[in-house]
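Data block for upload-v2.cif (mmCIF, C-alpha atoms):
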```
data_run
#
loop_
_atom_site.label_atom_id
_atom_site.label_comp_id
_atom_site.auth_asym_id
_atom_site.auth_seq_id
_atom_site.Cartn_x
_atom_site.Cartn_y
_atom_site.Cartn_z
CA MET A 1 0.00 0.00 0.00
CA THR A 2 1.24 3.49 -0.79
CA VAL A 3 1.41 5.90 2.10
CA PHE A 4 2.21 9.61 2.18
CA ARG A 5 4.52 11.13 4.74
CA THR A 6 5.41 14.77 5.38
CA GLU A 7 8.11 14.53 8.06
CA LEU A 8 11.56 14.28 6.51
CA ARG A 9 14.24 11.98 7.94
CA PRO A 10 17.97 12.27 7.23
CA THR A 11 17.83 9.07 5.15
CA ASP A 12 15.27 10.69 2.86
CA VAL A 13 17.79 13.17 1.44
CA PRO A 14 19.70 10.69 -0.75
CA ARG A 15 16.45 8.84 -1.59
CA ILE A 16 14.98 12.09 -2.92
CA GLU A 17 18.00 12.65 -5.13
CA VAL A 18 17.87 9.02 -6.34
CA ALA A 19 14.16 9.25 -7.13
CA ALA A 20 14.64 12.44 -9.15
CA ASP A 21 17.62 10.94 -10.97
CA ALA A 22 15.77 7.69 -11.77
CA THR A 23 13.25 9.52 -13.94
CA GLY A 24 15.99 10.45 -16.40
CA PHE A 25 14.34 13.85 -16.74
CA PHE A 26 16.72 15.97 -14.74
CA SER A 27 20.32 17.08 -15.08
CA GLN A 28 22.85 16.45 -12.34
CA GLU A 29 22.60 20.16 -11.44
CA GLU A 30 18.84 19.83 -11.09
CA THR A 31 18.90 16.70 -8.91
CA ALA A 32 21.51 18.42 -6.75
CA ILE A 33 19.01 21.24 -6.26
CA ALA A 34 16.38 18.69 -5.11
CA ARG A 35 18.91 17.39 -2.63
CA GLU A 36 19.69 20.90 -1.37
CA LEU A 37 16.01 21.69 -0.87
CA ALA A 38 15.62 18.48 1.15
CA GLU A 39 18.66 19.37 3.26
CA GLU A 40 17.23 22.83 3.89
CA ALA A 41 13.86 21.38 4.87
CA LEU A 42 15.50 18.84 7.16
CA ALA A 43 17.67 21.48 8.85
CA HIS A 44 15.16 24.30 9.20
CA GLY A 45 11.71 22.69 8.95
CA ASP A 46 8.86 24.92 7.82
CA ALA A 47 11.10 28.00 8.17
CA SER A 48 13.03 26.75 5.13
CA GLY A 49 10.01 27.49 2.95
CA TYR A 50 10.23 23.98 1.48
CA HIS A 51 7.64 21.35 2.29
CA PHE A 52 7.91 17.75 1.16
CA ILE A 53 5.37 14.99 0.74
CA LEU A 54 6.89 11.56 0.23
CA ALA A 55 5.10 8.58 -1.28
CA GLU A 56 6.39 5.19 -0.22
CA ASP A 57 5.38 1.57 0.03
CA SER A 58 4.11 0.71 3.49
CA ALA A 59 5.06 -2.98 3.15
CA PRO A 60 8.52 -3.75 4.51
CA PRO A 61 10.99 -5.38 2.10
CA ASN A 62 10.63 -8.82 3.72
CA ARG A 63 6.88 -8.76 3.02
CA GLY A 64 7.33 -8.20 -0.69
CA GLY A 65 7.45 -4.41 -0.44
CA ASN A 66 10.24 -2.13 -1.50
CA SER A 67 10.28 0.44 1.25
CA ASP A 68 13.88 1.41 0.62
CA GLN A 69 12.93 3.39 -2.44
CA LEU A 70 10.62 6.34 -2.68
CA LEU A 71 7.71 5.89 -5.07
CA GLY A 72 7.66 9.62 -5.53
CA PHE A 73 7.84 12.97 -3.84
CA ALA A 74 6.61 16.53 -4.13
CA CYS A 75 8.27 19.70 -2.89
CA PHE A 76 6.34 22.94 -2.61
CA GLY A 77 6.33 26.16 -0.64
CA PRO A 78 4.99 29.68 -0.31
CA ILE A 79 6.48 32.15 -2.79
CA PRO A 80 8.19 34.93 -0.79
CA ALA A 81 6.56 38.37 -0.95
CA THR A 82 3.26 36.98 -2.26
CA GLN A 83 -0.09 36.62 -0.54
CA GLY A 84 -1.05 32.96 -0.76
CA SER A 85 0.84 31.96 -3.91
CA PHE A 86 2.67 28.65 -3.75
CA ASP A 87 5.28 27.13 -6.02
CA LEU A 88 5.26 23.42 -6.80
CA TYR A 89 9.03 23.06 -7.12
CA TRP A 90 9.10 19.32 -7.75
CA ILE A 91 6.71 16.48 -8.38
CA VAL A 92 8.42 13.21 -9.19
CA ILE A 93 7.09 9.67 -9.61
CA ALA A 94 9.63 6.86 -9.89
CA PRO A 95 9.44 5.08 -13.27
CA ALA A 96 8.31 1.79 -11.67
CA ALA A 97 5.40 3.58 -9.94
CA GLN A 98 4.15 5.59 -12.91
CA ARG A 99 0.83 5.17 -14.77
CA ARG A 100 -1.11 4.27 -11.60
CA GLY A 101 -2.52 7.68 -10.75
CA LEU A 102 0.03 8.27 -8.02
CA GLY A 103 0.99 11.67 -9.46
CA ARG A 104 -2.61 12.84 -9.25
CA ARG A 105 -2.92 11.62 -5.66
CA LEU A 106 0.33 13.30 -4.71
CA LEU A 107 -0.78 16.54 -6.34
CA LYS A 108 -4.08 16.37 -4.46
CA ALA A 109 -2.17 15.99 -1.19
CA VAL A 110 -0.07 19.04 -2.13
CA GLU A 111 -3.17 21.10 -2.90
CA GLU A 112 -4.77 20.20 0.43
CA ALA A 113 -1.57 21.13 2.27
CA VAL A 114 -1.36 24.45 0.39
CA VAL A 115 -4.93 25.33 1.40
CA ARG A 116 -4.21 24.37 5.01
CA GLN A 117 -1.28 26.79 4.91
CA GLY A 118 -3.46 29.63 3.63
CA GLY A 119 -2.59 29.33 -0.04
CA TRP A 120 -5.07 29.71 -2.88
CA GLN A 121 -3.04 29.27 -6.05
CA ILE A 122 -0.16 27.12 -7.27
CA TYR A 123 2.45 27.79 -9.94
CA ALA A 124 4.54 25.06 -11.53
CA ASP A 125 7.35 25.57 -14.02
CA THR A 126 8.49 23.05 -16.57
CA SER A 127 10.44 22.94 -19.79
CA SER A 128 9.03 23.55 -23.29
CA ARG A 129 11.22 20.77 -24.73
CA PRO A 130 9.47 17.79 -26.41
CA GLN A 131 10.81 15.48 -23.67
CA TYR A 132 8.55 17.25 -21.18
CA ALA A 133 5.31 16.79 -23.13
CA PRO A 134 4.07 14.17 -20.61
CA THR A 135 4.75 16.62 -17.78
CA ARG A 136 2.79 19.36 -19.54
CA ARG A 137 -0.07 16.93 -20.24
CA PHE A 138 -0.07 16.00 -16.55
CA TYR A 139 -0.60 19.61 -15.52
CA GLU A 140 -3.19 20.24 -18.25
CA GLY A 141 -5.06 17.13 -17.12
CA THR A 142 -5.14 18.15 -13.46
CA GLY A 143 -6.69 21.60 -13.72
CA PHE A 144 -3.62 23.72 -14.46
CA GLU A 145 -3.49 26.20 -17.31
CA GLN A 146 -0.44 27.53 -19.10
CA ALA A 147 0.04 31.08 -17.83
CA ALA A 148 3.35 32.05 -19.40
CA LEU A 149 6.06 30.90 -21.76
CA LEU A 150 9.55 32.36 -21.54
CA GLU A 151 11.28 31.14 -24.69
CA HIS A 152 14.94 30.15 -24.38
CA PHE A 153 14.76 30.66 -20.60
CA TYR A 154 16.73 27.55 -19.63
CA ALA A 155 18.88 27.60 -22.79
CA GLU A 156 18.53 28.36 -26.50
CA GLY A 157 15.50 26.36 -27.62
CA ASP A 158 14.56 25.37 -24.08
CA GLY A 159 11.80 27.61 -22.76
CA LYS A 160 10.13 27.81 -19.37
CA VAL A 161 6.42 27.06 -19.29
CA THR A 162 4.62 28.30 -16.19
CA PHE A 163 1.42 26.49 -15.28
CA HIS A 164 -1.11 27.93 -12.87
CA LYS A 165 -3.99 26.53 -10.87
CA ARG A 166 -6.41 28.46 -8.72
CA LEU A 167 -7.62 26.33 -5.83
CA ARG A 168 -11.11 26.24 -4.42
CA VAL A 169 -10.83 27.79 -1.00
CA ALA A 170 -13.15 29.68 1.29
CA ASP A 171 -12.96 33.47 0.94
CA ARG A 172 -11.49 33.80 4.40
CA ASN A 173 -8.27 32.32 3.07
CA ARG A 174 -7.86 35.02 0.45
CA MET B 1 31.05 62.33 -8.55
CA THR B 2 29.17 59.04 -8.61
CA VAL B 3 31.27 55.91 -8.47
CA PHE B 4 30.30 52.26 -8.81
CA ARG B 5 31.64 49.60 -6.51
CA THR B 6 31.16 45.82 -6.61
CA GLU B 7 32.85 44.68 -3.38
CA LEU B 8 30.43 44.62 -0.49
CA ARG B 9 31.42 45.76 2.99
CA PRO B 10 29.56 44.88 6.20
CA THR B 11 28.37 48.49 6.52
CA ASP B 12 26.67 48.20 3.12
CA VAL B 13 24.04 45.76 4.40
CA PRO B 14 21.96 48.29 6.37
CA ARG B 15 22.59 50.96 3.70
CA ILE B 16 21.10 48.64 1.06
CA GLU B 17 17.99 48.12 3.16
CA VAL B 18 17.72 51.86 3.82
CA ALA B 19 18.06 52.71 0.12
CA ALA B 20 15.36 50.21 -0.84
CA ASP B 21 13.08 51.49 1.91
CA ALA B 22 13.63 55.15 0.96
CA THR B 23 12.00 54.64 -2.43
CA GLY B 24 8.68 53.87 -0.75
CA PHE B 25 8.14 51.15 -3.36
CA PHE B 26 8.78 48.06 -1.30
CA SER B 27 7.11 46.35 1.64
CA GLN B 28 9.00 45.60 4.82
CA GLU B 29 9.10 41.94 3.74
CA GLU B 30 10.67 42.96 0.44
CA THR B 31 13.33 45.23 1.92
CA ALA B 32 14.16 42.42 4.36
CA ILE B 33 14.78 40.22 1.33
CA ALA B 34 17.19 42.81 -0.09
CA ARG B 35 19.02 42.77 3.22
CA GLU B 36 19.18 38.95 3.23
CA LEU B 37 20.61 38.88 -0.29
CA ALA B 38 23.29 41.37 0.76
CA GLU B 39 24.12 39.27 3.82
CA GLU B 40 24.39 36.16 1.64
CA ALA B 41 26.65 37.97 -0.83
CA LEU B 42 28.81 39.32 1.98
CA ALA B 43 29.16 35.90 3.64
CA HIS B 44 29.63 33.72 0.57
CA GLY B 45 30.82 36.03 -2.21
CA ASP B 46 30.15 34.90 -5.80
CA ALA B 47 29.12 31.45 -4.52
CA SER B 48 26.00 33.08 -3.09
CA GLY B 49 24.74 33.69 -6.62
CA TYR B 50 24.07 37.34 -5.74
CA HIS B 51 26.18 40.12 -7.19
CA PHE B 52 25.83 43.73 -6.14
CA ILE B 53 26.82 46.98 -7.81
CA LEU B 54 26.62 50.00 -5.51
CA ALA B 55 26.42 53.60 -6.65
CA GLU B 56 27.75 56.18 -4.23
CA ASP B 57 29.08 59.69 -4.02
CA SER B 58 32.86 59.75 -4.13
CA ALA B 59 33.08 63.05 -2.20
CA PRO B 60 33.41 62.57 1.54
CA PRO B 61 30.77 64.24 3.74
CA ASN B 62 33.16 67.01 4.86
CA ARG B 63 33.69 68.01 1.21
CA GLY B 64 30.02 68.48 0.50
CA GLY B 65 29.36 64.90 -0.48
CA ASN B 66 26.98 62.49 1.14
CA SER B 67 28.94 59.27 1.07
CA ASP B 68 27.08 57.78 4.00
CA GLN B 69 24.09 57.06 1.83
CA LEU B 70 23.92 54.88 -1.22
CA LEU B 71 22.68 56.64 -4.35
CA GLY B 72 21.48 53.32 -5.60
CA PHE B 73 22.26 49.66 -6.02
CA ALA B 74 21.60 46.71 -8.25
CA CYS B 75 21.55 43.03 -7.35
CA PHE B 76 21.70 40.36 -10.02
CA GLY B 77 22.85 36.78 -10.50
CA PRO B 78 22.79 33.69 -12.68
CA ILE B 79 19.50 31.78 -12.61
CA PRO B 80 20.21 28.25 -11.35
CA ALA B 81 19.83 25.43 -13.90
CA THR B 82 19.93 27.83 -16.88
CA GLN B 83 22.63 28.40 -19.47
CA GLY B 84 23.51 32.08 -19.36
CA SER B 85 20.22 33.51 -18.04
CA PHE B 86 20.53 36.15 -15.36
CA ASP B 87 17.96 37.66 -13.04
CA LEU B 88 18.03 41.35 -12.15
CA TYR B 89 16.66 40.97 -8.64
CA TRP B 90 16.87 44.61 -7.64
CA ILE B 91 17.64 47.96 -9.17
CA VAL B 92 17.06 50.87 -6.83
CA ILE B 93 17.84 54.57 -7.12
CA ALA B 94 17.42 56.72 -4.02
CA PRO B 95 14.75 59.40 -4.49
CA ALA B 96 17.31 62.24 -4.20
CA ALA B 97 19.40 60.70 -6.99
CA GLN B 98 16.58 59.99 -9.45
CA ARG B 99 16.00 61.63 -12.86
CA ARG B 100 19.72 61.98 -13.61
CA GLY B 101 20.20 58.86 -15.73
CA LEU B 102 21.80 56.96 -12.87
CA GLY B 103 19.44 54.00 -13.31
CA ARG B 104 20.50 53.64 -16.95
CA ARG B 105 24.18 53.78 -16.02
CA LEU B 106 23.70 51.24 -13.26
CA LEU B 107 21.81 48.93 -15.62
CA LYS B 108 24.62 49.27 -18.20
CA ALA B 109 27.14 48.25 -15.53
CA VAL B 110 24.96 45.23 -14.69
CA GLU B 111 24.74 44.20 -18.36
CA GLU B 112 28.52 44.43 -18.77
CA ALA B 113 29.04 42.33 -15.65
CA VAL B 114 26.51 39.74 -16.87
CA VAL B 115 28.34 39.40 -20.20
CA ARG B 116 31.68 39.09 -18.39
CA GLN B 117 30.16 36.22 -16.40
CA GLY B 118 29.03 34.42 -19.54
CA GLY B 119 25.43 35.59 -19.54
CA TRP B 120 23.48 36.59 -22.64
CA GLN B 121 20.02 37.49 -21.37
CA ILE B 122 18.47 39.21 -18.38
CA TYR B 123 15.06 38.79 -16.79
CA ALA B 124 13.53 41.35 -14.44
CA ASP B 125 10.25 40.99 -12.57
CA THR B 126 8.09 43.84 -11.40
CA SER B 127 4.52 44.45 -10.34
CA SER B 128 1.59 45.19 -12.64
CA ARG B 129 0.19 47.74 -10.16
CA PRO B 130 -0.19 51.37 -11.32
CA GLN B 131 2.42 52.44 -8.75
CA TYR B 132 5.05 50.57 -10.75
CA ALA B 133 4.34 52.26 -14.10
CA PRO B 134 7.62 54.24 -13.88
CA THR B 135 9.51 50.96 -13.29
CA ARG B 136 7.89 49.37 -16.32
CA ARG B 137 8.65 52.45 -18.42
CA PHE B 138 12.28 52.27 -17.28
CA TYR B 139 12.59 48.70 -18.56
CA GLU B 140 10.72 49.46 -21.79
CA GLY B 141 13.02 52.43 -22.37
CA THR B 142 16.20 50.44 -21.85
CA GLY B 143 15.70 47.63 -24.36
CA PHE B 144 13.61 45.24 -22.32
CA GLU B 145 10.39 43.71 -23.60
CA GLN B 146 7.51 42.33 -21.59
CA ALA B 147 7.76 38.55 -21.87
CA ALA B 148 5.08 37.39 -19.45
CA LEU B 149 2.31 38.55 -17.16
CA LEU B 150 1.12 36.37 -14.31
CA GLU B 151 -2.05 38.06 -13.09
CA HIS B 152 -2.68 38.07 -9.33
CA PHE B 153 0.78 36.53 -8.74
CA TYR B 154 1.74 38.73 -5.78
CA ALA B 155 -1.84 39.13 -4.59
CA GLU B 156 -5.35 39.57 -6.00
CA GLY B 157 -5.02 42.42 -8.52
CA ASP B 158 -1.23 42.54 -8.24
CA GLY B 159 0.35 40.68 -11.14
CA LYS B 160 3.96 39.87 -11.92
CA VAL B 161 5.33 41.34 -15.13
CA THR B 162 8.49 39.68 -16.41
CA PHE B 163 10.71 41.79 -18.63
CA HIS B 164 13.39 40.28 -20.83
CA LYS B 165 16.45 41.65 -22.62
CA ARG B 166 18.76 39.72 -24.91
CA LEU B 167 22.26 41.16 -24.71
CA ARG B 168 24.66 41.61 -27.57
CA VAL B 169 27.42 39.12 -26.97
CA ALA B 170 29.86 37.16 -29.10
CA ASP B 171 28.60 33.69 -30.08
CA ARG B 172 31.26 32.05 -27.97
CA ASN B 173 29.37 33.14 -24.89
CA ARG B 174 26.21 31.29 -25.91
#
```
Take the structure in the file and write it out as structure tokens.
Amino acid sequence: MTVFRTELRPTDVPRIEVAADATGFFSQEETAIARELAEEALAHGDASGYHFILAEDSAPPNRGGNSDQLLGFACFGPIPATQGSFDLYWIVIAPAAQRRGLGRRLLKAVEEAVVRQGGWQIYADTSSRPQYAPTRRFYEGTGFEQAALLEHFYAEGDGKVTFHKRLRVADRNR
Amino acid sequence: MTVFRTELRPTDVPRIEVAADATGFFSQEETAIARELAEEALAHGDASGYHFILAEDSAPPNRGGNSDQLLGFACFGPIPATQGSFDLYWIVIAPAAQRRGLGRRLLKAVEEAVVRQGGWQIYADTSSRPQYAPTRRFYEGTGFEQAALLEHFYAEGDGKVTFHKRLRVADRNR
């Protein structure tokens, strides 16, 4: 069974980097950033501005589970100097755990956590390169809309697509 | 005479916050961010990712100058995980020093420093609120173009406008 966990442990830091690397989507510089965010969150907690939700198998390895590896993780946080805007920095599903709706469930957990923290909208950046078409389809299929495209942002021919989703929250949160 | 300086001193940190505050443009949370960036740059140098250029009066106070106050400052740096994209985080001219072309000269110094560091394009974010019309005109008048607008990014009715400028650099820098 897949369970979600929000409290980071020191052993999670390398597992987060491994999970990001396993997708084959990210450069070494990018997976190092995921690791740094996890280290920040572990050292400073909520004050770091980075919140993690980890998806893992609840069955221990000797019961046929694979609890040593993360099935996926998300990292999000409030955008400084904004009122209730959150950034979804990372959402990663390990290749072996893909195509089972885990990404949608993880995103839903992120959205609920954002609302609990007083947020009402989420931004998520991804690349315009063909390789990232599944990522863009994921956002388009989960209620996000493309809000901006900065061509050549990451490099020549590699633009930044910013997706945006307004969450349904009571007015008191706004 | 106005001189530019790139090496930060500990006494610059409060002066940077004071200069940002004096414009009346920024919230306390925002000027605190300027201070934090200066502290990071002072503690970790180039490794911080934040570079400052300070504009000050070269005449000492007893010669009619006002060297205790910054005339302005800029803060910029490479955007992580990009190839040659830089962010202009701050460009501030103290009210008493405005309308003399100092902003343009400071921006030119930033652009030259970006090219020296291998950069070829600059992004600058500002607010869509009416109060920031002079800021937007400054960017439009210095070769920037509006590349994106994220409505309600900072708050309801307060969008983020992203300006972009491609610099003229030799192909080897790309």
Next item on the list: Just say which residues the PyMOL selection byres ((chain B) within 12 of (chain A)) picks in this file, as number ranges by chain.
Entry: B: 26-34, 78-87, 119-123, 126-127, 145-166, 171, 173-174
Item checked: Picked residues, the PyMOL selection byres ((chain B and resi 16) around 10), as number ranges by chain -> B: 11-15, 17-22, 31-32, 34-35, 37-38, 52, 54, 69-74, 92
Taking C-alpha atoms for each residue, export the selection above as a tab-separated table (two decimals), keeping the file's coordinate frame.
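Once written, part_38.tsv looks like this:
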```
chain	number	residue	atom	x	y	z
B	11	THR	CA	28.37	48.49	6.52
B	12	ASP	CA	26.67	48.20	3.12
B	13	VAL	CA	24.04	45.76	4.40
B	14	PRO	CA	21.96	48.29	6.37
B	15	ARG	CA	22.59	50.96	3.70
B	17	GLU	CA	17.99	48.12	3.16
B	18	VAL	CA	17.72	51.86	3.82
B	19	ALA	CA	18.06	52.71	0.12
B	20	ALA	CA	15.36	50.21	-0.84
B	21	ASP	CA	13.08	51.49	1.91
B	22	ALA	CA	13.63	55.15	0.96
B	31	THR	CA	13.33	45.23	1.92
B	32	ALA	CA	14.16	42.42	4.36
B	34	ALA	CA	17.19	42.81	-0.09
B	35	ARG	CA	19.02	42.77	3.22
B	37	LEU	CA	20.61	38.88	-0.29
B	38	ALA	CA	23.29	41.37	0.76
B	52	PHE	CA	25.83	43.73	-6.14
B	54	LEU	CA	26.62	50.00	-5.51
B	69	GLN	CA	24.09	57.06	1.83
B	70	LEU	CA	23.92	54.88	-1.22
B	71	LEU	CA	22.68	56.64	-4.35
B	72	GLY	CA	21.48	53.32	-5.60
B	73	PHE	CA	22.26	49.66	-6.02
B	74	ALA	CA	21.60	46.71	-8.25
B	92	VAL	CA	17.06	50.87	-6.83
```
Notebook entry, point to check: Could you state the separation of atom CA of Met1 of chain A and atom CA of Glu112 of chain A in Å, given to one decimal place?
Noted result: 20.8 Å
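Atom pair atom CA of Ile53 of chain B / atom CA of Phe144 of chain B has a distance of 19.7 Å (rounded to one decimal).
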Next item on the list: Go ahead and compute the interatomic distance for atom CA of Arg104 of chain B and atom CA of Arg137 of chain B, in Å to one decimal.
Entry: 12.0 Å
Note to self: Going by the chain IDs and residue numbers used in this file, which residues fall under the PyMOL selection byres ((chain A and resi 7) around 9)? Write them as number ranges by chain.
What the structure shows: A: 5-6, 8-9, 42, 45, 51-54
Next item on the list: Go through B:Gln117, B:Gly141, B:Glu36, B:Ser128 and flag the residue nearest Gly101 of chain B, using only C-alpha atoms for the distances.
Entry: B:Gly141
